[in-house]
file protein.cif (mmCIF, C-alpha atoms)
data_model
#
loop_
_atom_site.label_atom_id
_atom_site.label_comp_id
_atom_site.auth_asym_id
_atom_site.auth_seq_id
_atom_site.Cartn_x
_atom_site.Cartn_y
_atom_site.Cartn_z
CA MET A 16 10.96 16.82 2.33
CA ARG A 17 9.40 18.75 5.20
CA VAL A 18 6.61 16.19 5.62
CA LEU A 19 8.99 13.23 5.65
CA VAL A 20 11.33 14.89 8.12
CA ASN A 21 8.51 15.98 10.44
CA ASN A 22 6.82 12.56 10.39
CA TRP A 23 10.04 10.70 11.23
CA ASP A 24 9.70 9.02 14.64
CA GLY A 25 13.22 7.87 15.40
CA GLY A 26 13.29 4.56 13.53
CA HIS A 27 10.30 4.80 11.22
CA THR A 28 7.91 7.32 9.68
CA VAL A 29 4.31 7.69 10.86
CA PRO A 30 1.76 8.00 8.04
CA SER A 31 0.34 11.13 9.67
CA ARG A 32 0.72 12.72 13.09
CA ARG A 33 -2.98 13.13 13.92
CA LEU A 34 -4.59 9.97 12.60
CA TYR A 35 -1.95 7.23 12.32
CA PRO A 36 0.58 7.49 15.18
CA HIS A 37 2.27 4.09 14.69
CA GLN A 38 4.18 2.28 11.91
CA TRP A 39 2.10 0.82 9.08
CA SER A 40 3.48 -1.94 6.87
CA TRP A 41 2.86 -0.93 3.28
CA ASP A 42 3.08 2.75 4.20
CA SER A 43 6.69 2.14 5.27
CA ALA A 44 7.44 0.51 1.92
CA PHE A 45 6.15 3.49 -0.07
CA ILE A 46 7.82 5.90 2.33
CA ALA A 47 11.15 4.10 1.82
CA ILE A 48 10.80 4.55 -1.95
CA GLY A 49 10.57 8.32 -1.50
CA ASN A 50 13.20 8.48 1.22
CA ALA A 51 15.60 6.64 -1.09
CA ARG A 52 15.62 9.89 -3.10
CA LEU A 53 16.28 11.94 0.02
CA SER A 54 18.31 9.76 2.37
CA PRO A 55 18.88 6.11 1.38
CA ARG A 56 20.15 5.46 4.88
CA ARG A 57 16.80 6.51 6.32
CA ALA A 58 15.01 4.36 3.71
CA ARG A 59 17.05 1.36 4.82
CA THR A 60 16.28 2.09 8.46
CA GLU A 61 12.55 2.31 7.68
CA LEU A 62 12.46 -1.18 6.17
CA LEU A 63 14.78 -2.80 8.69
CA SER A 64 12.72 -1.33 11.53
CA LEU A 65 9.52 -2.80 10.11
CA PHE A 66 11.03 -6.24 9.54
CA GLY A 67 12.41 -6.16 13.06
CA ALA A 68 8.80 -6.89 14.12
CA GLN A 69 8.41 -9.86 11.75
CA TRP A 70 6.81 -12.95 13.33
CA HIS A 71 8.42 -16.38 13.56
CA ASP A 72 6.08 -17.65 10.82
CA GLY A 73 7.30 -14.91 8.45
CA ARG A 74 4.30 -12.61 8.51
CA VAL A 75 4.98 -8.88 8.59
CA PRO A 76 2.21 -7.31 10.70
CA HIS A 77 0.27 -4.43 9.26
CA ILE A 78 0.88 -2.26 12.36
CA VAL A 79 3.90 -2.09 14.65
CA PHE A 80 2.84 -0.14 17.73
CA ASN A 81 4.98 2.59 19.25
CA PRO A 82 5.10 1.89 23.00
CA GLN A 83 5.38 5.60 23.73
CA VAL A 84 1.96 6.29 22.19
CA PRO A 85 -0.92 5.91 24.69
CA GLU A 86 -3.30 2.99 24.13
CA ALA A 87 -6.23 5.36 23.80
CA ALA A 88 -4.63 7.30 20.95
CA TYR A 89 -5.59 4.75 18.29
CA PHE A 90 -8.22 2.03 17.92
CA PRO A 91 -7.79 -0.87 17.54
CA GLY A 92 -4.58 -0.61 19.53
CA PRO A 93 -2.14 -3.11 21.02
CA ALA A 94 -4.51 -4.30 23.77
CA PHE A 95 -7.11 -5.23 21.14
CA TRP A 96 -4.69 -7.35 19.11
CA GLY A 97 -3.05 -8.84 22.20
CA VAL A 98 0.09 -10.13 20.52
CA ARG A 99 3.81 -9.40 20.36
CA ALA A 100 6.48 -10.18 17.79
CA PRO A 101 9.57 -12.17 18.84
CA SER A 102 11.35 -8.83 19.16
CA GLY A 103 8.91 -7.84 21.89
CA SER A 104 7.12 -5.23 19.78
CA ALA A 105 3.36 -5.08 20.11
CA THR A 106 1.81 -5.61 16.68
CA SER A 107 -1.42 -6.39 14.90
CA GLY A 108 -2.00 -9.91 13.61
CA ILE A 109 -2.88 -9.27 9.99
CA VAL A 110 -0.75 -8.28 6.99
CA GLN A 111 -0.81 -5.84 4.05
CA PRO A 112 0.22 -6.08 0.37
CA PRO A 113 3.87 -7.23 0.15
CA VAL A 114 5.32 -4.23 -1.69
CA HIS A 115 8.43 -4.30 0.50
CA ALA A 116 10.77 -6.20 -1.83
CA LEU A 117 10.09 -3.58 -4.51
CA ALA A 118 10.90 -0.86 -1.97
CA ALA A 119 14.09 -2.67 -0.94
CA TRP A 120 15.20 -2.92 -4.56
CA LYS A 121 14.50 0.77 -5.27
CA THR A 122 16.39 1.71 -2.11
CA TYR A 123 19.35 -0.39 -3.27
CA GLU A 124 19.24 1.18 -6.74
CA ALA A 125 19.44 4.65 -5.17
CA ASP A 126 22.46 3.73 -3.05
CA PRO A 127 23.88 0.20 -3.55
CA ASP A 128 24.54 -1.42 -0.18
CA LEU A 129 25.03 -5.18 -0.29
CA GLY A 130 25.01 -5.38 3.50
CA PHE A 131 21.44 -4.05 3.49
CA LEU A 132 20.38 -6.68 0.93
CA HIS A 133 22.08 -9.45 2.89
CA ARG A 134 20.16 -8.44 6.03
CA LEU A 135 16.76 -8.00 4.41
CA TYR A 136 16.68 -10.68 1.70
CA PRO A 137 16.01 -13.68 4.02
CA ARG A 138 13.27 -11.72 5.77
CA LEU A 139 11.63 -10.81 2.46
CA VAL A 140 11.77 -14.46 1.41
CA ALA A 141 10.18 -15.49 4.73
CA GLN A 142 7.38 -12.98 4.11
CA GLN A 143 6.61 -14.64 0.78
CA GLU A 144 6.87 -18.13 2.30
CA PHE A 145 4.29 -17.20 4.94
CA LEU A 146 1.83 -16.21 2.22
CA ARG A 147 2.47 -19.42 0.28
CA ALA A 148 2.13 -21.62 3.35
CA HIS A 149 -0.89 -19.99 5.00
CA ARG A 150 -2.85 -18.11 2.34
CA ARG A 151 -2.39 -19.90 -1.00
CA GLY A 152 -5.34 -21.70 -2.59
CA ARG A 153 -5.36 -24.63 -4.98
CA ASP A 154 -5.28 -22.32 -8.03
CA GLY A 155 -2.10 -20.65 -6.80
CA LEU A 156 -3.63 -17.35 -5.66
CA ILE A 157 -3.15 -15.71 -2.26
CA SER A 158 -6.16 -14.84 -0.07
CA ILE A 159 -6.64 -11.96 2.30
CA VAL A 160 -8.73 -12.53 5.44
CA HIS A 161 -9.70 -8.94 6.27
CA PRO A 162 -10.42 -5.81 4.19
CA TRP A 163 -7.57 -4.09 6.06
CA GLU A 164 -5.18 -6.59 4.47
CA SER A 165 -6.06 -5.30 1.02
CA GLY A 166 -4.79 -1.82 1.91
CA MET A 167 -7.97 -0.54 0.21
CA ASP A 168 -10.00 -1.03 3.38
CA ASN A 169 -13.35 0.50 2.51
CA SER A 170 -13.58 -0.32 -1.21
CA PRO A 171 -17.07 -1.03 -2.59
CA ALA A 172 -15.51 -4.28 -3.87
CA TRP A 173 -15.84 -5.60 -0.30
CA ASP A 174 -19.50 -4.68 0.21
CA GLU A 175 -20.84 -8.04 -0.98
CA PRO A 176 -18.58 -10.35 1.08
CA LEU A 177 -18.94 -8.11 4.16
CA ARG A 178 -22.73 -8.54 4.10
CA HIS A 179 -22.21 -12.14 5.24
CA VAL A 180 -20.13 -11.12 8.27
CA GLU A 181 -22.04 -11.19 11.54
CA THR A 182 -21.24 -8.26 13.80
CA ALA A 183 -19.85 -8.96 17.25
CA ASN A 184 -21.81 -6.31 19.18
CA VAL A 185 -18.60 -5.21 20.86
CA GLY A 186 -18.49 -1.65 22.08
CA PHE A 187 -15.67 0.48 20.71
CA VAL A 188 -14.73 4.12 20.39
CA ARG A 189 -13.55 5.26 16.99
CA LYS A 190 -10.56 7.59 17.18
CA ASP A 191 -10.46 8.38 13.46
CA LEU A 192 -13.48 10.65 13.70
CA ASP A 193 -11.61 12.90 16.13
CA ALA A 194 -9.35 13.93 13.25
CA ILE A 195 -11.41 13.47 10.06
CA CYS A 196 -15.07 14.20 9.38
CA ALA A 197 -17.40 11.20 9.21
CA ASP A 198 -18.32 11.85 5.56
CA GLU A 199 -14.74 10.98 4.55
CA ARG A 200 -14.37 7.81 6.65
CA PRO A 201 -15.96 4.31 6.77
CA THR A 202 -19.38 4.09 8.42
CA ASP A 203 -20.02 2.60 11.86
CA ASP A 204 -21.61 -0.44 10.18
CA ASP A 205 -18.41 -1.01 8.22
CA TYR A 206 -16.32 -0.73 11.39
CA GLU A 207 -18.52 -3.23 13.24
CA ARG A 208 -17.78 -5.81 10.56
CA TYR A 209 -14.08 -4.97 10.51
CA ILE A 210 -13.91 -5.49 14.28
CA ALA A 211 -15.90 -8.72 14.13
CA LEU A 212 -13.52 -10.19 11.55
CA ALA A 213 -10.45 -9.09 13.50
CA LEU A 214 -11.81 -10.56 16.75
CA ALA A 215 -12.58 -13.90 15.12
CA TYR A 216 -9.09 -14.07 13.63
CA ARG A 217 -7.56 -13.15 16.99
CA GLU A 218 -9.55 -15.85 18.79
CA SER A 219 -8.17 -18.44 16.35
CA GLY A 220 -4.63 -17.48 17.31
CA TYR A 221 -4.29 -15.67 13.97
CA LEU A 222 -4.44 -18.98 12.16
CA ASP A 223 -7.93 -19.67 10.80
CA ALA A 224 -9.42 -17.59 7.99
CA GLY A 225 -12.99 -16.64 8.80
CA ASP A 226 -15.94 -15.27 6.85
CA PHE A 227 -13.83 -13.08 4.57
CA GLN A 228 -11.45 -14.94 2.23
CA ILE A 229 -10.79 -12.97 -0.92
CA GLU A 230 -8.23 -13.39 -3.71
CA ASP A 231 -7.51 -9.72 -4.33
CA PRO A 232 -5.83 -8.61 -7.61
CA LEU A 233 -3.69 -5.93 -5.95
CA PHE A 234 -2.41 -8.22 -3.21
CA ASN A 235 -1.50 -10.95 -5.70
CA VAL A 236 0.14 -8.45 -8.05
CA ALA A 237 2.22 -7.17 -5.11
CA TYR A 238 3.25 -10.76 -4.37
CA ALA A 239 4.33 -11.33 -7.99
CA VAL A 240 6.17 -7.99 -8.17
CA ALA A 241 7.96 -8.97 -4.97
CA GLU A 242 9.21 -12.15 -6.66
CA HIS A 243 10.53 -10.10 -9.59
CA ALA A 244 12.34 -7.81 -7.13
CA LEU A 245 13.67 -10.79 -5.17
CA ALA A 246 15.09 -12.23 -8.39
CA ARG A 247 17.08 -9.02 -8.90
CA ILE A 248 18.20 -9.00 -5.27
CA ALA A 249 19.25 -12.67 -5.46
CA HIS A 250 21.32 -11.93 -8.56
CA GLU A 251 23.09 -9.06 -6.77
CA LEU A 252 23.86 -11.40 -3.85
CA GLY A 253 25.25 -14.13 -6.10
CA LEU A 254 22.24 -16.40 -5.51
CA ASP A 255 20.03 -18.18 -8.01
CA PRO A 256 17.23 -15.87 -9.21
CA GLU A 257 15.44 -18.59 -11.18
CA PRO A 258 13.08 -19.79 -8.39
CA HIS A 259 11.81 -16.23 -7.95
CA GLU A 260 11.41 -15.75 -11.70
CA ARG A 261 9.50 -19.02 -11.93
CA GLU A 262 7.22 -18.05 -9.05
CA ALA A 263 6.52 -14.62 -10.58
CA ALA A 264 5.61 -16.22 -13.91
CA ALA A 265 3.31 -18.73 -12.20
CA MET A 266 1.49 -16.00 -10.30
CA THR A 267 1.09 -13.88 -13.45
CA ALA A 268 -0.47 -16.87 -15.21
CA ALA A 269 -2.77 -17.62 -12.27
CA LEU A 270 -3.93 -14.03 -12.08
CA THR A 271 -4.63 -13.86 -15.80
CA HIS A 272 -6.45 -17.19 -15.97
CA GLN A 273 -8.46 -16.83 -12.78
CA LEU A 274 -9.22 -13.13 -12.17
CA PHE A 275 -9.37 -11.41 -15.57
CA ASP A 276 -12.98 -10.92 -16.71
CA GLY A 277 -12.12 -9.68 -20.20
CA ALA A 278 -11.93 -6.01 -19.24
CA LEU A 279 -10.61 -5.76 -15.68
CA PHE A 280 -9.06 -7.98 -13.02
CA GLN A 281 -11.61 -8.80 -10.33
CA PRO A 282 -11.41 -10.13 -6.77
CA ARG A 283 -12.66 -13.66 -6.20
CA ASP A 284 -14.35 -15.20 -3.17
CA ALA A 285 -12.02 -18.07 -2.29
CA ARG A 286 -14.83 -19.98 -0.56
CA THR A 287 -17.28 -19.96 -3.47
CA GLY A 288 -14.87 -19.55 -6.39
CA ARG A 289 -17.02 -16.73 -7.79
CA LEU A 290 -15.64 -13.45 -9.10
CA ILE A 291 -16.84 -10.35 -7.28
CA ARG A 292 -17.90 -7.91 -9.98
CA SER A 293 -16.48 -4.54 -9.07
CA ALA A 294 -14.94 -1.45 -10.63
CA SER A 295 -11.88 -1.06 -8.42
CA VAL A 296 -8.65 0.50 -9.66
CA ALA A 297 -6.93 -2.53 -8.08
CA GLY A 298 -7.99 -4.32 -11.26
CA LEU A 299 -5.52 -2.19 -13.26
CA THR A 300 -2.45 -3.01 -11.16
CA PRO A 301 -1.49 -6.12 -13.20
CA LEU A 302 0.00 -3.57 -15.62
CA LEU A 303 2.99 -3.76 -13.25
CA LEU A 304 3.70 -7.35 -14.33
CA PRO A 305 6.32 -7.57 -17.11
CA GLY A 306 4.99 -10.97 -18.17
CA LEU A 307 1.39 -9.84 -18.60
CA PRO A 308 0.19 -10.83 -22.11
CA GLY A 309 0.20 -7.86 -24.46
CA LYS A 310 -3.48 -8.19 -25.40
CA VAL A 311 -4.49 -8.21 -21.75
CA ALA A 312 -2.38 -5.13 -21.06
CA ASP A 313 -3.91 -3.31 -24.04
CA THR A 314 -7.40 -4.17 -22.80
CA LEU A 315 -6.59 -2.90 -19.32
CA ILE A 316 -5.35 0.38 -20.75
CA ASP A 317 -8.58 0.72 -22.75
CA THR A 318 -10.52 0.08 -19.53
CA ALA A 319 -8.43 2.69 -17.70
CA LEU A 320 -9.31 5.22 -20.40
CA ASP A 321 -13.02 4.36 -20.61
CA LEU A 322 -13.96 3.39 -17.06
CA PHE A 323 -11.44 5.39 -15.02
CA SER A 324 -10.91 8.48 -17.25
CA LEU A 325 -7.14 7.98 -17.26
CA LYS A 326 -6.54 10.97 -19.54
CA ASP A 327 -8.10 13.35 -16.99
CA GLY A 328 -4.97 13.22 -14.83
CA LEU A 329 -5.95 11.21 -11.73
CA LEU A 330 -7.28 7.69 -11.37
CA PRO A 331 -10.21 7.24 -8.99
CA SER A 332 -9.94 4.29 -6.62
CA TYR A 333 -13.36 3.19 -7.89
CA SER A 334 -15.00 3.99 -11.20
CA PRO A 335 -17.31 7.03 -11.08
CA ALA A 336 -19.67 5.16 -13.40
CA ALA A 337 -20.21 2.33 -10.89
CA ALA A 338 -22.67 2.03 -8.03
CA GLY A 339 -21.01 2.71 -4.69
CA PHE A 340 -18.69 5.46 -5.94
CA ASP A 341 -18.12 8.34 -3.53
CA ALA A 342 -15.55 10.98 -4.48
CA ALA A 343 -14.77 11.94 -0.87
CA ARG A 344 -15.17 8.76 1.20
CA TYR A 345 -12.21 6.59 2.14
CA TRP A 346 -11.32 4.17 -0.71
CA ARG A 347 -14.76 4.42 -2.30
CA GLY A 348 -13.67 6.70 -5.13
CA PRO A 349 -10.97 9.23 -4.15
CA SER A 350 -7.64 9.11 -5.90
CA TRP A 351 -4.68 7.90 -3.84
CA ILE A 352 -1.12 8.74 -4.78
CA ASN A 353 0.14 5.21 -4.06
CA LEU A 354 -2.35 3.46 -6.38
CA ASP A 355 -1.81 6.04 -9.12
CA TRP A 356 1.95 5.62 -8.65
CA LEU A 357 1.67 1.84 -9.07
CA VAL A 358 -0.32 2.21 -12.29
CA TRP A 359 2.17 4.86 -13.45
CA GLN A 360 4.95 2.33 -12.95
CA GLY A 361 3.04 -0.11 -15.15
CA LEU A 362 2.43 2.47 -17.88
CA LYS A 363 5.92 3.95 -18.24
CA ASP A 364 7.20 1.34 -20.68
CA ARG A 365 3.86 0.37 -22.23
CA ARG A 366 2.31 3.80 -22.91
CA PRO A 367 4.75 6.56 -21.88
CA GLU A 368 2.45 9.36 -23.06
CA LEU A 369 -0.28 8.14 -20.72
CA ALA A 370 2.23 7.70 -17.92
CA THR A 371 3.30 11.32 -18.39
CA GLY A 372 -0.28 12.55 -18.07
CA LEU A 373 -0.84 10.52 -14.91
CA ALA A 374 2.37 11.84 -13.33
CA ASP A 375 1.36 15.40 -14.22
CA GLY A 376 -2.03 14.84 -12.59
CA MET A 377 -0.54 13.58 -9.34
CA LEU A 378 1.91 16.45 -9.10
CA CYS A 379 -0.71 19.08 -9.88
CA ALA A 380 -3.11 17.65 -7.27
CA ALA A 381 -0.37 17.73 -4.63
CA ALA A 382 0.70 21.24 -5.64
CA HIS A 383 -2.80 22.68 -5.33
CA ALA A 384 -4.31 20.65 -2.47
CA GLY A 385 -1.20 19.79 -0.49
CA LEU A 386 0.11 16.36 0.42
CA ARG A 387 -3.25 15.00 1.44
CA GLU A 388 -4.19 11.40 2.15
CA TYR A 389 -6.53 11.24 -0.87
CA PHE A 390 -8.01 13.52 -3.51
CA ASP A 391 -11.26 14.06 -5.37
CA PRO A 392 -10.37 12.55 -8.78
CA ALA A 393 -12.37 15.17 -10.70
CA THR A 394 -11.59 18.39 -8.83
CA GLY A 395 -8.30 17.51 -7.12
CA ARG A 396 -9.68 18.65 -3.76
CA GLY A 397 -7.79 17.09 -0.83
CA HIS A 398 -9.43 14.81 1.74
CA GLY A 399 -8.39 12.82 4.79
CA SER A 400 -5.17 13.51 6.66
CA ARG A 401 -2.87 16.41 5.88
CA ASP A 402 0.89 16.01 5.50
CA PHE A 403 0.46 12.35 4.58
CA SER A 404 3.76 10.53 4.37
CA TRP A 405 3.34 8.25 1.38
CA SER A 406 1.91 11.12 -0.65
CA ALA A 407 5.03 13.12 0.18
CA ALA A 408 7.35 10.18 -0.51
CA LEU A 409 5.90 9.20 -3.85
CA VAL A 410 5.61 12.81 -5.03
CA LEU A 411 9.31 13.12 -4.21
CA ASP A 412 9.97 10.02 -6.32
CA LEU A 413 7.86 11.48 -9.14
CA VAL A 414 9.73 14.79 -9.01
CA ALA A 415 13.08 13.00 -9.12
CA GLU A 416 12.17 10.95 -12.20
CA HIS A 417 9.54 13.02 -13.97
CA GLY A 418 10.38 16.62 -13.04
CA MET A 419 7.96 19.46 -12.29
CA LYS A 420 7.71 21.23 -15.64
CA SER A 421 3.97 20.57 -15.91
CA VAL A 422 3.06 21.99 -12.48
CA PRO A 423 1.53 25.47 -12.89
CA ALA A 424 0.92 28.36 -10.50
CA ALA A 425 1.06 26.96 -6.95
CA GLY A 426 3.68 24.48 -8.05
CA ARG A 427 6.16 27.33 -8.53
CA ASP A 428 5.89 28.07 -4.81
CA ILE A 429 6.74 24.48 -4.01
CA GLY A 430 9.58 24.52 -6.49
CA GLN A 431 10.99 27.67 -4.84
CA GLU A 432 10.64 26.03 -1.42
CA LEU A 433 12.62 22.99 -2.59
CA ARG A 434 15.36 25.26 -3.99
CA CYS A 435 15.52 27.07 -0.67
CA PHE A 436 16.00 23.77 1.14
CA GLY A 437 18.89 22.93 -1.15
CA GLU A 438 20.50 26.35 -0.86
CA ALA A 439 20.30 26.53 2.93
CA ASP A 440 21.52 23.03 3.66
CA HIS A 441 20.74 19.62 2.32
CA VAL A 442 17.76 18.05 4.07
CA ALA A 443 19.22 14.66 3.17
CA ASP A 444 22.30 15.51 5.23
CA ARG A 445 20.22 16.54 8.22
CA VAL A 446 18.10 13.40 7.90
CA ALA A 447 21.16 11.16 7.65
CA ASP A 448 22.69 12.75 10.72
CA GLN A 449 19.71 11.58 12.78
CA VAL A 450 19.64 7.99 11.53
CA PRO A 451 21.88 5.37 13.14
CA ALA A 452 24.33 3.72 10.76
#
call {"tool": "encode", "arguments": {"input": "protein.cif", "output": "structure tokens"}}
result
Amino acid sequence: MRVLVNNWDGGHTVPSRRLYPHQWSWDSAFIAIGNARLSPRRARTELLSLFGAQWHDGRVPHIVFNPQVPEAAYFPGPAFWGVRAPSGSATSGIVQPPVHALAAWKTYEADPDLGFLHRLYPRLVAQQEFLRAHRRGRDGLISIVHPWESGMDNSPAWDEPLRHVETANVGFVRKDLDAICADERPTDDDYERYIALALAYRESGYLDAGDFQIEDPLFNVAYAVAEHALARIAHELGLDPEPHEREAAAMTAALTHQLFDGALFQPRDARTGRLIRSASVAGLTPLLLPGLPGKVADTLIDTALDLFSLKDGLLPSYSPAAAGFDAARYWRGPSWINLDWLVWQGLKDRRPELATGLADGMLCAAAHAGLREYFDPATGRGHGSRDFSWSAALVLDLVAEHGMKSVPAAGRDIGQELRCFGEADHVADRVADQVPA
């Protein structure tokens, strides 16, 4: 509660004060899911604020820049991207996984507000239509055009396709290393390729995919889950849910037929049609899909147990048994609360005992290391930013649904702190008082 309140910036929540001073797209979705447990009104504001910067073509940019933050505070900032939304907000030109419809639905479940759904539904539909119109290949899958669009920016899964990206030899100053040590962040070589891809996309007017066109399992799962959520929203609004249900089923089939290698879902290079053999936890996220064939789901769970040590309490973002794993470096192995939360969602109905163990692991890591950006999957040691918003939000969601009975020692301190909040005055009331109706 303290982290979410302190990171609130008037109309949205920053991921962290030191490292990420603007609004990030999929961060806001996860933050809304947690805020729905604390203040549904603030959760609604979070999503409506983000979609207020939606482009005419339907894309939801991965960053909406706060004009009160100096240009030099973050790179690449608004001057680098050089574009504004119809609202006038400076934004980036790329997108992130479309987990927003799921967040909207969970916000509605916490506090039913048909007016909120009426306002957001057409914007969520436009987001999906952008992906269909501009990123869909002949096999029905959606491509990303930059590692930042995957959300899992620095995953070893992107090493092979990034080797073919020519660097732009553009000078830049990394601001992330002012806050986090270099051993926990992407290398300079990685950043040079990220910047080269972003520059090429910018020069095309944010229209032409360049040297990185990848059909990512996580991104496509998020798209399918969005269609399931949109079907529920359409039903609530008295609209026909069947087109969304049909689209979700088609995407589930495409994912299964095109990206499943018999053990794990893999990314595919859209230009060559070849699977990229990796050991990314993104390959487990199809467990979220209710229409996933039972045998495929069972195989994925076996892979989670064997390759990702699911029973140990935390899921690494990349298998420790695979080349490229690094327990402390950004997306190359650390456990992230949002990815573990997504897999937990997919396990709750399929294997509740495994879901319970994963929830316990997330809560214990947060209790002992704090609400860090990411965690060593073996030791639980925290890395990256402190007081990270989606960690706080999703832990709050876990506590609300799962409880805290399994959290030992340090967890009792947190439990006492939460009771003190409730006894003094309700944080939700104070939050709601600051959010416009």
call {"tool": "resolve_selection", "arguments": {"input": "protein.cif", "expression": "the PyMOL selection byres ((chain A and resi 247) around 12)", "output": "PyMOL selection string"}}
result
chain A and resi 116-117+119-121+123-124+132+136+240-246+248-260
call {"tool": "closest_atom_pairs", "arguments": {"input": "protein.cif", "of": "segment 125-189 of chain A", "to": "segment 263-280 of chain A", "cutoff": "9 Å", "atoms": "only C-alpha atoms", "output": "JSON lines"}}
result
{"residue": "A:Asp154", "atom": "CA", "partner": "A:Ala269", "partner_atom": "CA", "distance": 6.8}
{"residue": "A:Gly155", "atom": "CA", "partner": "A:Ala269", "partner_atom": "CA", "distance": 6.3}
{"residue": "A:Leu156", "atom": "CA", "partner": "A:Ala269", "partner_atom": "CA", "distance": 6.7}
call {"tool": "resolve_selection", "arguments": {"input": "protein.cif", "expression": "the PyMOL selection byres ((chain A and resi 37-39) around 7)", "output": "mmCIF file with C-alpha atoms, keeping the file's coordinate frame"}}
result
data_model
loop_
_atom_site.group_PDB
_atom_site.id
_atom_site.type_symbol
_atom_site.label_atom_id
_atom_site.label_comp_id
_atom_site.auth_asym_id
_atom_site.auth_seq_id
_atom_site.Cartn_x
_atom_site.Cartn_y
_atom_site.Cartn_z
ATOM 1 C CA HIS A 27 10.300 4.800 11.220
ATOM 2 C CA THR A 28 7.910 7.320 9.680
ATOM 3 C CA VAL A 29 4.310 7.690 10.860
ATOM 4 C CA TYR A 35 -1.950 7.230 12.320
ATOM 5 C CA PRO A 36 0.580 7.490 15.180
ATOM 6 C CA SER A 40 3.480 -1.940 6.870
ATOM 7 C CA TRP A 41 2.860 -0.930 3.280
ATOM 8 C CA ASP A 42 3.080 2.750 4.200
ATOM 9 C CA SER A 43 6.690 2.140 5.270
ATOM 10 C CA HIS A 77 0.270 -4.430 9.260
ATOM 11 C CA ILE A 78 0.880 -2.260 12.360
ATOM 12 C CA VAL A 79 3.900 -2.090 14.650
ATOM 13 C CA PHE A 80 2.840 -0.140 17.730
ATOM 14 C CA ASN A 81 4.980 2.590 19.250
#
call {"tool": "residues_near_point", "arguments": {"input": "protein.cif", "point": "(-7.0, 13.0, 0.1)", "cutoff": "10 Å", "atoms": "all atoms listed in the file", "output": "PyMOL selection string"}}
result
chain A and resi 199+342-346+349-352+380-381+384-392+395-401+403+406
call {"tool": "atom_distance", "arguments": {"input": "protein.cif", "atom1": "atom CA of Leu290 of chain A", "atom2": "atom CA of Arg153 of chain A"}}
result
15.7 Å
call {"tool": "residues_around", "arguments": {"input": "protein.cif", "residues": "Leu357 of chain A", "least_positions_apart": "3", "cutoff": "12 Å", "atoms": "all atoms listed in the file", "output": "PyMOL selection string"}}
result
chain A and resi 45+48+114+117-118+233+236-237+240+296-304+330+351-354+360-363+370+373-374+377+409+412-413
call {"tool": "atom_distance", "arguments": {"input": "protein.cif", "atom1": "atom CA of His179 of chain A", "atom2": "atom CA of Gly225 of chain A"}}
result
10.9 Å
call {"tool": "closest_residue", "arguments": {"input": "protein.cif", "among": "A:Val160, A:Ala194, A:Val410, A:Ala125", "to": "Trp173 of chain A", "atoms": "only C-alpha atoms"}}
result
A:Val160
call {"tool": "atom_distance", "arguments": {"input": "protein.cif", "atom1": "atom CA of Ala183 of chain A", "atom2": "atom CA of Ala224 of chain A"}}
result
16.4 Å
call {"tool": "closest_residue", "arguments": {"input": "protein.cif", "among": "A:Ala100, A:Val18, A:Ala312, A:Leu222", "to": "His71 of chain A", "atoms": "all atoms listed in the file"}}
result
A:Ala100
call {"tool": "residues_near_point", "arguments": {"input": "protein.cif", "point": "(-6.5, 12.3, -14.8)", "cutoff": "8 Å", "atoms": "all atoms listed in the file", "output": "PyMOL selection string"}}
result
chain A and resi 324-330+372-373+376+392-393
call {"tool": "resolve_selection", "arguments": {"input": "protein.cif", "expression": "the PyMOL selection byres ((chain A and resi 210) around 10)", "output": "PyMOL selection string"}}
result
chain A and resi 91+95+161+182-187+205-209+211-216
call {"tool": "residues_around", "arguments": {"input": "protein.cif", "residues": "Arg366 of chain A", "least_positions_apart": "6", "cutoff": "10 Å", "atoms": "all atoms listed in the file", "output": "list in words"}}
result
Asp313, Ile316 and Trp359 of chain A
call {"tool": "closest_residue", "arguments": {"input": "protein.cif", "among": "A:Pro30, A:Val20, A:Ala44, A:Ala105", "to": "Ser404 of chain A", "atoms": "all atoms listed in the file"}}
result
A:Pro30
call {"tool": "closest_residue", "arguments": {"input": "protein.cif", "among": "A:Pro113, A:Pro82, A:Gly103, A:Pro171", "to": "Phe340 of chain A", "atoms": "all atoms listed in the file"}}
result
A:Pro171
